file structure24.cif (mmCIF, C-alpha atoms, pLDDT in the B column; chains and numbers go by the auth columns)
data_model
loop_
_atom_site.group_PDB
_atom_site.id
_atom_site.type_symbol
_atom_site.label_atom_id
_atom_site.label_comp_id
_atom_site.label_asym_id
_atom_site.label_seq_id
_atom_site.Cartn_x
_atom_site.Cartn_y
_atom_site.Cartn_z
_atom_site.B_iso_or_equiv
_atom_site.auth_seq_id
_atom_site.auth_asym_id
ATOM 1 C CA MET A 1 5.252 -39.544 -4.715 62.00 1 F
ATOM 2 C CA GLU A 2 8.043 -38.492 -6.991 75.00 2 F
ATOM 3 C CA LYS A 3 5.896 -35.743 -8.449 78.00 3 F
ATOM 4 C CA LYS A 4 5.090 -34.420 -4.993 80.00 4 F
ATOM 5 C CA GLU A 5 8.735 -34.405 -4.027 81.00 5 F
ATOM 6 C CA TYR A 6 9.590 -32.669 -7.247 82.00 6 F
ATOM 7 C CA LYS A 7 6.961 -30.014 -6.559 77.00 7 F
ATOM 8 C CA LYS A 8 8.336 -29.534 -3.063 78.00 8 F
ATOM 9 C CA ILE A 9 11.788 -28.933 -4.445 77.00 9 F
ATOM 10 C CA VAL A 10 10.437 -26.518 -7.038 73.00 10 F
ATOM 11 C CA ASP A 11 8.462 -24.599 -4.421 71.00 11 F
ATOM 12 C CA LYS A 12 11.514 -24.451 -2.254 71.00 12 F
ATOM 13 C CA TYR A 13 13.708 -22.923 -4.908 69.00 13 F
ATOM 14 C CA THR A 14 11.430 -20.742 -7.048 64.00 14 F
ATOM 15 C CA PRO A 15 10.798 -17.858 -4.631 60.00 15 F
ATOM 16 C CA LYS A 16 14.429 -17.753 -3.617 61.00 16 F
ATOM 17 C CA GLU A 17 15.552 -17.189 -7.176 62.00 17 F
ATOM 18 C CA LYS A 18 12.989 -14.424 -7.555 80.00 18 F
ATOM 19 C CA ARG A 19 14.221 -12.836 -4.337 83.00 19 F
ATOM 20 C CA PHE A 20 17.744 -12.877 -5.672 86.00 20 F
ATOM 21 C CA ARG A 21 16.570 -11.258 -8.914 87.00 21 F
ATOM 22 C CA ASN A 22 14.578 -8.610 -7.002 86.00 22 F
ATOM 23 C CA ALA A 23 17.610 -7.818 -4.868 88.00 23 F
ATOM 24 C CA ILE A 24 19.863 -7.388 -7.903 90.00 24 F
ATOM 25 C CA ILE A 25 17.311 -5.147 -9.648 90.00 25 F
ATOM 26 C CA ALA A 26 16.851 -3.052 -6.497 89.00 26 F
ATOM 27 C CA PHE A 27 20.618 -2.679 -6.193 91.00 27 F
ATOM 28 C CA LEU A 28 21.079 -1.615 -9.821 92.00 28 F
ATOM 29 C CA ILE A 29 18.150 0.815 -9.956 91.00 29 F
ATOM 30 C CA GLY A 30 18.964 2.243 -6.535 91.00 30 F
ATOM 31 C CA GLY A 31 22.538 2.727 -7.685 91.00 31 F
ATOM 32 C CA VAL A 32 21.391 4.509 -10.823 92.00 32 F
ATOM 33 C CA MET A 33 19.212 6.789 -8.673 91.00 33 F
ATOM 34 C CA GLY A 34 22.282 7.601 -6.566 91.00 34 F
ATOM 35 C CA VAL A 35 24.298 8.423 -9.694 93.00 35 F
ATOM 36 C CA ILE A 36 21.469 10.649 -10.980 92.00 36 F
ATOM 37 C CA GLY A 37 21.380 12.412 -7.602 91.00 37 F
ATOM 38 C CA ASN A 38 25.108 13.010 -7.625 92.00 38 F
ATOM 39 C CA PHE A 39 24.996 14.172 -11.249 92.00 39 F
ATOM 40 C CA LEU A 40 22.220 16.656 -10.423 92.00 40 F
ATOM 41 C CA VAL A 41 24.238 18.027 -7.497 92.00 41 F
ATOM 42 C CA ASP A 42 27.248 18.524 -9.760 92.00 42 F
ATOM 43 C CA PHE A 43 25.101 19.974 -12.529 93.00 43 F
ATOM 44 C CA TYR A 44 23.309 22.516 -10.329 93.00 44 F
ATOM 45 C CA SER A 45 26.453 23.621 -8.538 93.00 45 F
ATOM 46 C CA TYR A 46 28.134 24.128 -11.944 92.00 46 F
ATOM 47 C CA ALA A 47 25.160 25.784 -13.673 93.00 47 F
ATOM 48 C CA PHE A 48 24.090 28.165 -10.885 92.00 48 F
ATOM 49 C CA HIS A 49 27.520 28.658 -9.254 92.00 49 F
ATOM 50 C CA ILE A 50 26.311 27.542 -5.816 91.00 50 F
ATOM 51 C CA SER A 51 27.869 25.315 -3.174 89.00 51 F
ATOM 52 C CA SER A 52 27.180 21.610 -3.390 85.00 52 F
ATOM 53 C CA LYS A 53 25.218 21.831 -0.119 86.00 53 F
ATOM 54 C CA ASP A 54 22.713 24.224 -1.709 88.00 54 F
ATOM 55 C CA ALA A 55 22.758 22.202 -4.923 90.00 55 F
ATOM 56 C CA SER A 56 21.695 19.104 -2.961 89.00 56 F
ATOM 57 C CA VAL A 57 18.515 20.957 -1.945 90.00 57 F
ATOM 58 C CA PHE A 58 17.798 21.644 -5.629 92.00 58 F
ATOM 59 C CA MET A 59 18.483 17.975 -6.376 92.00 59 F
ATOM 60 C CA ILE A 60 15.969 16.806 -3.758 92.00 60 F
ATOM 61 C CA ILE A 61 13.318 19.161 -5.156 93.00 61 F
ATOM 62 C CA THR A 62 13.963 17.872 -8.686 93.00 62 F
ATOM 63 C CA LEU A 63 13.666 14.226 -7.634 92.00 63 F
ATOM 64 C CA VAL A 64 10.489 14.946 -5.653 93.00 64 F
ATOM 65 C CA PHE A 65 8.999 16.664 -8.681 93.00 65 F
ATOM 66 C CA LEU A 66 9.925 13.755 -10.951 92.00 66 F
ATOM 67 C CA GLY A 67 8.412 11.288 -8.480 91.00 67 F
ATOM 68 C CA CYS A 68 5.159 13.261 -8.304 92.00 68 F
ATOM 69 C CA PHE A 69 4.930 13.862 -12.039 91.00 69 F
ATOM 70 C CA LEU A 70 5.638 10.276 -13.089 90.00 70 F
ATOM 71 C CA THR A 71 3.077 9.059 -10.537 89.00 71 F
ATOM 72 C CA CYS A 72 0.486 11.351 -12.146 89.00 72 F
ATOM 73 C CA LEU A 73 1.245 9.989 -15.585 89.00 73 F
ATOM 74 C CA GLY A 74 0.797 6.447 -14.259 85.00 74 F
ATOM 75 C CA PHE A 75 4.348 5.388 -15.094 83.00 75 F
ATOM 76 C CA PHE A 76 5.642 5.213 -11.580 86.00 76 F
ATOM 77 C CA ASP A 77 3.451 2.378 -10.320 85.00 77 F
ATOM 78 C CA LYS A 78 4.556 0.206 -13.227 86.00 78 F
ATOM 79 C CA ILE A 79 8.235 0.975 -12.631 86.00 79 F
ATOM 80 C CA VAL A 80 7.848 0.380 -8.879 86.00 80 F
ATOM 81 C CA ASN A 81 6.306 -3.029 -9.559 86.00 81 F
ATOM 82 C CA PHE A 82 9.500 -3.863 -11.415 84.00 82 F
ATOM 83 C CA ALA A 83 12.120 -2.003 -9.373 82.00 83 F
ATOM 84 C CA LYS A 84 10.478 -2.248 -5.916 80.00 84 F
ATOM 85 C CA CYS A 85 12.859 -0.922 -3.245 83.00 85 F
ATOM 86 C CA GLY A 86 15.139 0.614 -5.864 85.00 86 F
ATOM 87 C CA LEU A 87 12.609 3.432 -6.112 88.00 87 F
ATOM 88 C CA ILE A 88 10.786 3.162 -2.760 88.00 88 F
ATOM 89 C CA VAL A 89 13.836 3.796 -0.592 90.00 89 F
ATOM 90 C CA PRO A 90 15.062 6.932 -2.467 91.00 90 F
ATOM 91 C CA ILE A 91 13.244 10.211 -1.862 90.00 91 F
ATOM 92 C CA THR A 92 11.075 9.491 -4.934 90.00 92 F
ATOM 93 C CA GLY A 93 9.248 6.878 -2.853 89.00 93 F
ATOM 94 C CA PHE A 94 8.263 9.575 -0.356 90.00 94 F
ATOM 95 C CA ALA A 95 6.929 11.760 -3.180 91.00 95 F
ATOM 96 C CA HIS A 96 5.146 8.774 -4.697 90.00 96 F
ATOM 97 C CA ALA A 97 3.432 7.933 -1.396 90.00 97 F
ATOM 98 C CA MET A 98 2.101 11.493 -0.995 91.00 98 F
ATOM 99 C CA MET A 99 1.093 11.864 -4.630 90.00 99 F
ATOM 100 C CA SER A 100 -0.770 8.572 -4.853 90.00 100 F
ATOM 101 C CA ALA A 101 -2.647 9.331 -1.612 90.00 101 F
ATOM 102 C CA ALA A 102 -3.621 12.758 -2.967 90.00 102 F
ATOM 103 C CA LEU A 103 -4.764 11.296 -6.293 89.00 103 F
ATOM 104 C CA GLU A 104 -6.694 8.494 -4.656 89.00 104 F
ATOM 105 C CA TYR A 105 -8.748 10.743 -2.363 90.00 105 F
ATOM 106 C CA ARG A 106 -9.263 13.766 -4.609 87.00 106 F
ATOM 107 C CA LYS A 107 -12.834 12.654 -5.390 88.00 107 F
ATOM 108 C CA GLU A 108 -13.819 13.220 -1.750 89.00 108 F
ATOM 109 C CA GLY A 109 -13.156 16.928 -2.000 87.00 109 F
ATOM 110 C CA LEU A 110 -10.335 19.351 -1.416 88.00 110 F
ATOM 111 C CA VAL A 111 -10.418 19.494 2.394 90.00 111 F
ATOM 112 C CA THR A 112 -11.905 16.155 3.387 90.00 112 F
ATOM 113 C CA GLY A 113 -10.180 14.294 0.566 88.00 113 F
ATOM 114 C CA ILE A 114 -6.779 15.704 -0.329 88.00 114 F
ATOM 115 C CA GLY A 115 -6.224 17.738 2.831 90.00 115 F
ATOM 116 C CA THR A 116 -6.940 14.982 5.316 91.00 116 F
ATOM 117 C CA ASN A 117 -5.473 12.052 3.461 90.00 117 F
ATOM 118 C CA MET A 118 -2.328 13.399 1.804 89.00 118 F
ATOM 119 C CA PHE A 119 -0.104 12.242 4.663 90.00 119 F
ATOM 120 C CA LYS A 120 -1.883 8.927 5.028 88.00 120 F
ATOM 121 C CA LEU A 121 1.053 6.913 3.655 87.00 121 F
ATOM 122 C CA ALA A 122 3.965 9.340 4.022 88.00 122 F
ATOM 123 C CA GLY A 123 3.062 10.678 7.469 90.00 123 F
ATOM 124 C CA SER A 124 4.749 7.830 9.317 91.00 124 F
ATOM 125 C CA VAL A 125 8.084 8.835 7.786 91.00 125 F
ATOM 126 C CA ILE A 126 7.787 12.385 9.129 91.00 126 F
ATOM 127 C CA ILE A 127 6.383 11.383 12.527 93.00 127 F
ATOM 128 C CA PHE A 128 8.945 8.678 13.235 93.00 128 F
ATOM 129 C CA GLY A 129 11.696 10.857 11.818 92.00 129 F
ATOM 130 C CA VAL A 130 10.845 13.794 14.070 93.00 130 F
ATOM 131 C CA VAL A 131 10.328 11.708 17.215 94.00 131 F
ATOM 132 C CA SER A 132 13.515 9.703 16.707 93.00 132 F
ATOM 133 C CA ALA A 133 15.472 12.864 15.850 93.00 133 F
ATOM 134 C CA TYR A 134 14.210 14.440 19.087 93.00 134 F
ATOM 135 C CA LEU A 135 15.102 11.430 21.212 93.00 135 F
ATOM 136 C CA PHE A 136 18.500 10.895 19.578 93.00 136 F
ATOM 137 C CA GLY A 137 19.144 14.636 19.908 91.00 137 F
ATOM 138 C CA LEU A 138 18.495 14.388 23.650 92.00 138 F
ATOM 139 C CA LEU A 139 20.786 11.353 23.776 91.00 139 F
ATOM 140 C CA ARG A 140 23.502 13.279 21.997 90.00 140 F
ATOM 141 C CA ILE A 141 23.165 16.236 24.381 90.00 141 F
ATOM 142 C CA VAL A 142 23.396 13.859 27.343 90.00 142 F
ATOM 143 C CA VAL A 143 26.411 12.004 25.965 88.00 143 F
ATOM 144 C CA MET A 144 28.378 14.815 24.326 83.00 144 F
ATOM 145 C CA GLY A 145 27.146 17.894 26.196 77.00 145 F
ATOM 146 C CA LEU A 146 25.672 21.061 24.683 69.00 146 F
ATOM 147 C CA MET B 1 35.150 8.032 -8.504 84.00 1 H
ATOM 148 C CA ILE B 2 32.468 9.705 -6.416 87.00 2 H
ATOM 149 C CA TYR B 3 29.916 8.508 -8.979 91.00 3 H
ATOM 150 C CA LEU B 4 30.961 4.919 -8.350 92.00 4 H
ATOM 151 C CA ASN B 5 30.768 5.508 -4.594 92.00 5 H
ATOM 152 C CA SER B 6 27.278 6.991 -4.880 91.00 6 H
ATOM 153 C CA PHE B 7 26.194 4.046 -7.064 92.00 7 H
ATOM 154 C CA ILE B 8 27.466 1.565 -4.483 92.00 8 H
ATOM 155 C CA PHE B 9 26.064 3.399 -1.445 92.00 9 H
ATOM 156 C CA CYS B 10 22.583 4.096 -2.812 91.00 10 H
ATOM 157 C CA GLY B 11 22.436 0.630 -4.348 91.00 11 H
ATOM 158 C CA LEU B 12 23.383 -1.040 -1.072 92.00 12 H
ATOM 159 C CA VAL B 13 20.731 0.872 0.881 91.00 13 H
ATOM 160 C CA CYS B 14 18.086 -0.175 -1.661 91.00 14 H
ATOM 161 C CA LEU B 15 19.421 -3.751 -1.593 91.00 15 H
ATOM 162 C CA ILE B 16 19.050 -3.936 2.201 91.00 16 H
ATOM 163 C CA GLY B 17 15.509 -2.566 1.893 90.00 17 H
ATOM 164 C CA GLN B 18 14.629 -5.133 -0.772 90.00 18 H
ATOM 165 C CA ILE B 19 16.014 -8.003 1.323 90.00 19 H
ATOM 166 C CA ILE B 20 13.949 -6.863 4.328 90.00 20 H
ATOM 167 C CA LEU B 21 10.858 -6.473 2.114 88.00 21 H
ATOM 168 C CA ASP B 22 11.164 -9.940 0.570 87.00 22 H
ATOM 169 C CA ASN B 23 12.010 -11.910 3.688 86.00 23 H
ATOM 170 C CA THR B 24 9.618 -10.391 6.232 87.00 24 H
ATOM 171 C CA LYS B 25 5.977 -9.359 6.261 87.00 25 H
ATOM 172 C CA LEU B 26 6.807 -5.659 6.534 88.00 26 H
ATOM 173 C CA THR B 27 5.215 -3.259 4.047 88.00 27 H
ATOM 174 C CA PRO B 28 7.126 -0.561 2.086 87.00 28 H
ATOM 175 C CA GLY B 29 5.795 1.961 4.641 88.00 29 H
ATOM 176 C CA HIS B 30 7.567 0.078 7.421 90.00 30 H
ATOM 177 C CA ILE B 31 10.794 0.007 5.430 91.00 31 H
ATOM 178 C CA THR B 32 10.920 3.746 4.744 91.00 32 H
ATOM 179 C CA THR B 33 10.107 4.406 8.407 92.00 33 H
ATOM 180 C CA ILE B 34 12.849 2.049 9.594 92.00 34 H
ATOM 181 C CA PHE B 35 15.348 3.698 7.259 93.00 35 H
ATOM 182 C CA VAL B 36 14.507 7.186 8.526 93.00 36 H
ATOM 183 C CA VAL B 37 15.085 6.051 12.109 93.00 37 H
ATOM 184 C CA ILE B 38 18.363 4.397 11.075 93.00 38 H
ATOM 185 C CA GLY B 39 19.408 7.644 9.360 92.00 39 H
ATOM 186 C CA THR B 40 18.767 9.718 12.487 92.00 40 H
ATOM 187 C CA PHE B 41 20.604 7.159 14.596 92.00 41 H
ATOM 188 C CA LEU B 42 23.637 7.182 12.290 91.00 42 H
ATOM 189 C CA ASP B 43 23.843 10.961 12.336 89.00 43 H
ATOM 190 C CA THR B 44 23.573 11.174 16.133 88.00 44 H
ATOM 191 C CA PHE B 45 27.330 10.680 16.336 85.00 45 H
ATOM 192 C CA ASN B 46 28.155 12.123 12.891 88.00 46 H
ATOM 193 C CA ILE B 47 28.578 8.757 11.164 90.00 47 H
ATOM 194 C CA TYR B 48 26.259 9.694 8.310 91.00 48 H
ATOM 195 C CA ASP B 49 28.310 12.810 7.540 90.00 49 H
ATOM 196 C CA LYS B 50 31.175 10.514 6.632 91.00 50 H
ATOM 197 C CA PHE B 51 28.922 8.658 4.204 90.00 51 H
ATOM 198 C CA VAL B 52 27.953 12.001 2.645 90.00 52 H
ATOM 199 C CA LEU B 53 31.606 12.916 2.246 90.00 53 H
ATOM 200 C CA TRP B 54 32.350 9.520 0.740 90.00 54 H
ATOM 201 C CA ALA B 55 29.354 9.092 -1.559 88.00 55 H
ATOM 202 C CA GLY B 56 28.366 12.713 -2.272 85.00 56 H
ATOM 203 C CA GLY B 57 24.882 13.049 -3.742 85.00 57 H
ATOM 204 C CA GLY B 58 24.388 9.286 -3.614 88.00 58 H
ATOM 205 C CA ALA B 59 24.097 9.460 0.176 90.00 59 H
ATOM 206 C CA LEU B 60 21.522 12.271 -0.016 91.00 60 H
ATOM 207 C CA VAL B 61 19.107 10.401 -2.304 91.00 61 H
ATOM 208 C CA PRO B 62 17.938 7.535 -0.004 92.00 62 H
ATOM 209 C CA ILE B 63 15.308 8.308 2.636 91.00 63 H
ATOM 210 C CA THR B 64 17.979 7.811 5.339 91.00 64 H
ATOM 211 C CA SER B 65 19.280 11.283 4.476 91.00 65 H
ATOM 212 C CA PHE B 66 15.878 12.669 5.487 90.00 66 H
ATOM 213 C CA GLY B 67 16.503 11.538 9.056 91.00 67 H
ATOM 214 C CA HIS B 68 20.090 12.755 8.867 91.00 68 H
ATOM 215 C CA LEU B 69 18.924 16.237 7.817 91.00 69 H
ATOM 216 C CA LEU B 70 16.259 16.325 10.567 91.00 70 H
ATOM 217 C CA ILE B 71 18.740 15.794 13.382 91.00 71 H
ATOM 218 C CA HIS B 72 21.376 17.910 11.640 89.00 72 H
ATOM 219 C CA GLY B 73 19.066 20.942 11.580 90.00 73 H
ATOM 220 C CA ALA B 74 18.072 20.348 15.201 91.00 74 H
ATOM 221 C CA MET B 75 21.703 20.143 16.302 90.00 75 H
ATOM 222 C CA ASP B 76 22.593 23.383 14.522 90.00 76 H
ATOM 223 C CA THR B 77 20.045 25.326 16.588 91.00 77 H
ATOM 224 C CA VAL B 78 21.013 23.448 19.765 91.00 78 H
ATOM 225 C CA ASN B 79 24.445 25.023 19.392 89.00 79 H
ATOM 226 C CA ASN B 80 22.862 28.498 19.548 90.00 80 H
ATOM 227 C CA PHE B 81 19.825 28.118 21.822 89.00 81 H
ATOM 228 C CA GLY B 82 20.595 25.181 24.097 86.00 82 H
ATOM 229 C CA ILE B 83 18.100 22.402 24.727 86.00 83 H
ATOM 230 C CA MET B 84 15.148 24.421 23.397 88.00 84 H
ATOM 231 C CA GLY B 85 16.871 24.420 20.022 87.00 85 H
ATOM 232 C CA LEU B 86 15.721 20.821 19.575 89.00 86 H
ATOM 233 C CA PHE B 87 12.230 22.162 18.951 90.00 87 H
ATOM 234 C CA MET B 88 13.252 25.026 16.701 89.00 88 H
ATOM 235 C CA GLY B 89 15.470 23.845 13.911 87.00 89 H
ATOM 236 C CA MET B 90 14.350 20.340 13.116 89.00 90 H
ATOM 237 C CA PHE B 91 12.750 21.184 9.769 91.00 91 H
ATOM 238 C CA ASP B 92 15.344 23.769 8.728 88.00 92 H
ATOM 239 C CA LEU B 93 17.080 21.526 6.209 88.00 93 H
ATOM 240 C CA THR B 94 14.289 19.098 5.311 89.00 94 H
ATOM 241 C CA SER B 95 11.692 21.787 4.638 91.00 95 H
ATOM 242 C CA SER B 96 12.609 21.834 0.929 90.00 96 H
ATOM 243 C CA GLY B 97 11.723 18.177 0.453 89.00 97 H
ATOM 244 C CA ILE B 98 8.521 18.323 2.500 91.00 98 H
ATOM 245 C CA VAL B 99 7.279 21.585 0.985 93.00 99 H
ATOM 246 C CA ALA B 100 8.093 20.391 -2.537 92.00 100 H
ATOM 247 C CA ALA B 101 6.252 17.118 -1.953 92.00 101 H
ATOM 248 C CA ILE B 102 3.179 18.874 -0.487 93.00 102 H
ATOM 249 C CA VAL B 103 2.969 21.631 -3.116 93.00 103 H
ATOM 250 C CA PHE B 104 3.635 19.431 -6.144 93.00 104 H
ATOM 251 C CA SER B 105 1.284 16.673 -5.066 91.00 105 H
ATOM 252 C CA PHE B 106 -1.492 19.154 -4.224 92.00 106 H
ATOM 253 C CA ILE B 107 -1.259 21.050 -7.502 92.00 107 H
ATOM 254 C CA LEU B 108 -0.759 17.978 -9.660 91.00 108 H
ATOM 255 C CA SER B 109 -3.640 16.153 -7.986 90.00 109 H
ATOM 256 C CA LEU B 110 -5.921 19.000 -9.059 89.00 110 H
ATOM 257 C CA ILE B 111 -4.782 18.621 -12.681 89.00 111 H
ATOM 258 C CA PHE B 112 -4.473 14.860 -13.171 85.00 112 H
ATOM 259 C CA GLU B 113 -6.989 12.046 -12.840 81.00 113 H
ATOM 260 C CA PRO B 114 -6.001 8.757 -11.180 77.00 114 H
ATOM 261 C CA LYS B 115 -4.890 6.329 -13.882 68.00 115 H
ATOM 262 C CA ASP B 116 -6.365 3.101 -12.480 61.00 116 H
#
call {"tool": "encode", "arguments": {"input": "structure24.cif", "output": "structure tokens"}}
result
Amino acid sequence: MEKKEYKKIVDKYTPKEKRFRNAIIAFLIGGVMGVIGNFLVDFYSYAFHISSKDASVFMIITLVFLGCFLTCLGFFDKIVNFAKCGLIVPITGFAHAMMSAALEYRKEGLVTGIGTNMFKLAGSVIIFGVVSAYLFGLLRIVVMGL
Amino acid sequence: MIYLNSFIFCGLVCLIGQIILDNTKLTPGHITTIFVVIGTFLDTFNIYDKFVLWAGGGALVPITSFGHLLIHGAMDTVNNFGIMGLFMGMFDLTSSGIVAAIVFSFILSLIFEPKD
């Protein structure tokens, strides 16, 4: 009886502690990603003498490339298992979703494999983004005028 | 100071995503989708622009900025072309991210083998 109760208590508290740990790790790694992003914006605007708005485009391309490349090398899946949302929520997660879909289906051929399946995981982001942007854009026109 | 702000902002967005992921049955795909919709909603009335001013590059790294850029591009063309502009400019600002992701993942998938 006592053992069962003890197990109940353990079961009750173990996942919670892990959740707390996951949340802290996601916060720290996500924060580091934000700092890297801001550093890249500053670096590009200083190195190429461009506005920070243009530099942010360069920054996004760099992060997408890093996400794709690390996924190819097999690093990214291991880091994601550890960091979880710290790397899924930044733009690297989008790159990772496309890259892993392309790698997974490349055996089935260029058109039927890579071409058809590349957006399998990342497509929902674009579709929901476009549809919601359209609807919210209409809402904004209705509320605030043209 | 802006580095600290970007750390806090990007970290908080990831923290919220992790809490949703751990406490519900949603997959990472759901979470990124939800965040894109939240980003478009926040930029509908220019709230996200204030985050970008406050956190700099840190606000452009999370996937929420993808939604913010979608509606931002659409609104820029709406100013010039009226309601039809909604169809024209949506990918103006996000095209870099999408094109980079497509091109890099296509080329790299030809070179590399899956590691599993």
call {"tool": "resolve_selection", "arguments": {"input": "structure24.cif", "expression": "the PyMOL selection byres ((chain H) within 7 of (chain F))", "output": "JSON, numbers by chain"}}
result
{"H": [3, 6, 7, 8, 10, 11, 12, 14, 15, 17, 18, 19, 22, 29, 32, 33, 36, 37, 40, 41, 44, 56, 57, 58, 61, 62, 63, 67, 70, 71, 79, 82, 86, 96, 97, 100, 101, 104, 105, 106, 109, 112, 113, 114, 115]}
call {"tool": "resolve_selection", "arguments": {"input": "structure24.cif", "expression": "the PyMOL selection byres ((chain H and resi 76) around 12)", "output": "PDB file with C-alpha atoms, keeping the file's coordinate frame"}}
result
ATOM      1  CA  GLY F 137      19.144  14.636  19.908  1.00 91.00           C
ATOM      2  CA  LEU F 146      25.672  21.061  24.683  1.00 69.00           C
TER       3      LEU F 146
ATOM      4  CA  LEU H  69      18.924  16.237   7.817  1.00 91.00           C
ATOM      5  CA  LEU H  70      16.259  16.325  10.567  1.00 91.00           C
ATOM      6  CA  ILE H  71      18.740  15.794  13.382  1.00 91.00           C
ATOM      7  CA  HIS H  72      21.376  17.910  11.640  1.00 89.00           C
ATOM      8  CA  GLY H  73      19.066  20.942  11.580  1.00 90.00           C
ATOM      9  CA  ALA H  74      18.072  20.348  15.201  1.00 91.00           C
ATOM     10  CA  MET H  75      21.703  20.143  16.302  1.00 90.00           C
ATOM     11  CA  THR H  77      20.045  25.326  16.588  1.00 91.00           C
ATOM     12  CA  VAL H  78      21.013  23.448  19.765  1.00 91.00           C
ATOM     13  CA  ASN H  79      24.445  25.023  19.392  1.00 89.00           C
ATOM     14  CA  ASN H  80      22.862  28.498  19.548  1.00 90.00           C
ATOM     15  CA  PHE H  81      19.825  28.118  21.822  1.00 89.00           C
ATOM     16  CA  GLY H  82      20.595  25.181  24.097  1.00 86.00           C
ATOM     17  CA  ILE H  83      18.100  22.402  24.727  1.00 86.00           C
ATOM     18  CA  MET H  84      15.148  24.421  23.397  1.00 88.00           C
ATOM     19  CA  GLY H  85      16.871  24.420  20.022  1.00 87.00           C
ATOM     20  CA  LEU H  86      15.721  20.821  19.575  1.00 89.00           C
ATOM     21  CA  PHE H  87      12.230  22.162  18.951  1.00 90.00           C
ATOM     22  CA  MET H  88      13.252  25.026  16.701  1.00 89.00           C
ATOM     23  CA  GLY H  89      15.470  23.845  13.911  1.00 87.00           C
ATOM     24  CA  MET H  90      14.350  20.340  13.116  1.00 89.00           C
ATOM     25  CA  PHE H  91      12.750  21.184   9.769  1.00 91.00           C
ATOM     26  CA  ASP H  92      15.344  23.769   8.728  1.00 88.00           C
ATOM     27  CA  LEU H  93      17.080  21.526   6.209  1.00 88.00           C
TER      28      LEU H  93
END
call {"tool": "atom_distance", "arguments": {"input": "structure24.cif", "atom1": "CA of Phe35 (chain H)", "atom2": "CA of Val13 (chain H)"}}
result
8.8 Å
call {"tool": "axis_aligned_box", "arguments": {"input": "structure24.cif", "around": "region 26-33 of chain H", "padding_each_side": "5 Å", "output": "AutoDock Vina command-line options"}}
result
--center_x 8.1 --center_y -0.6 --center_z 5.2 --size_x 15.7 --size_y 20.1 --size_z 16.3
call {"tool": "atom_distance", "arguments": {"input": "structure24.cif", "atom1": "CA of Asp43 (chain H)", "atom2": "CA of His68 (chain H)"}}
result
5.4 Å
call {"tool": "atom_distance", "arguments": {"input": "structure24.cif", "atom1": "CA of Asn117 (chain F)", "atom2": "CA of Asn81 (chain F)"}}
result
23.1 Å
call {"tool": "closest_residue", "arguments": {"input": "structure24.cif", "among": "H:Gly39, H:Ile31, H:Phe45, H:Met1", "to": "Ala59 (chain H)", "atoms": "all atoms listed in the file"}}
result
H:Gly39
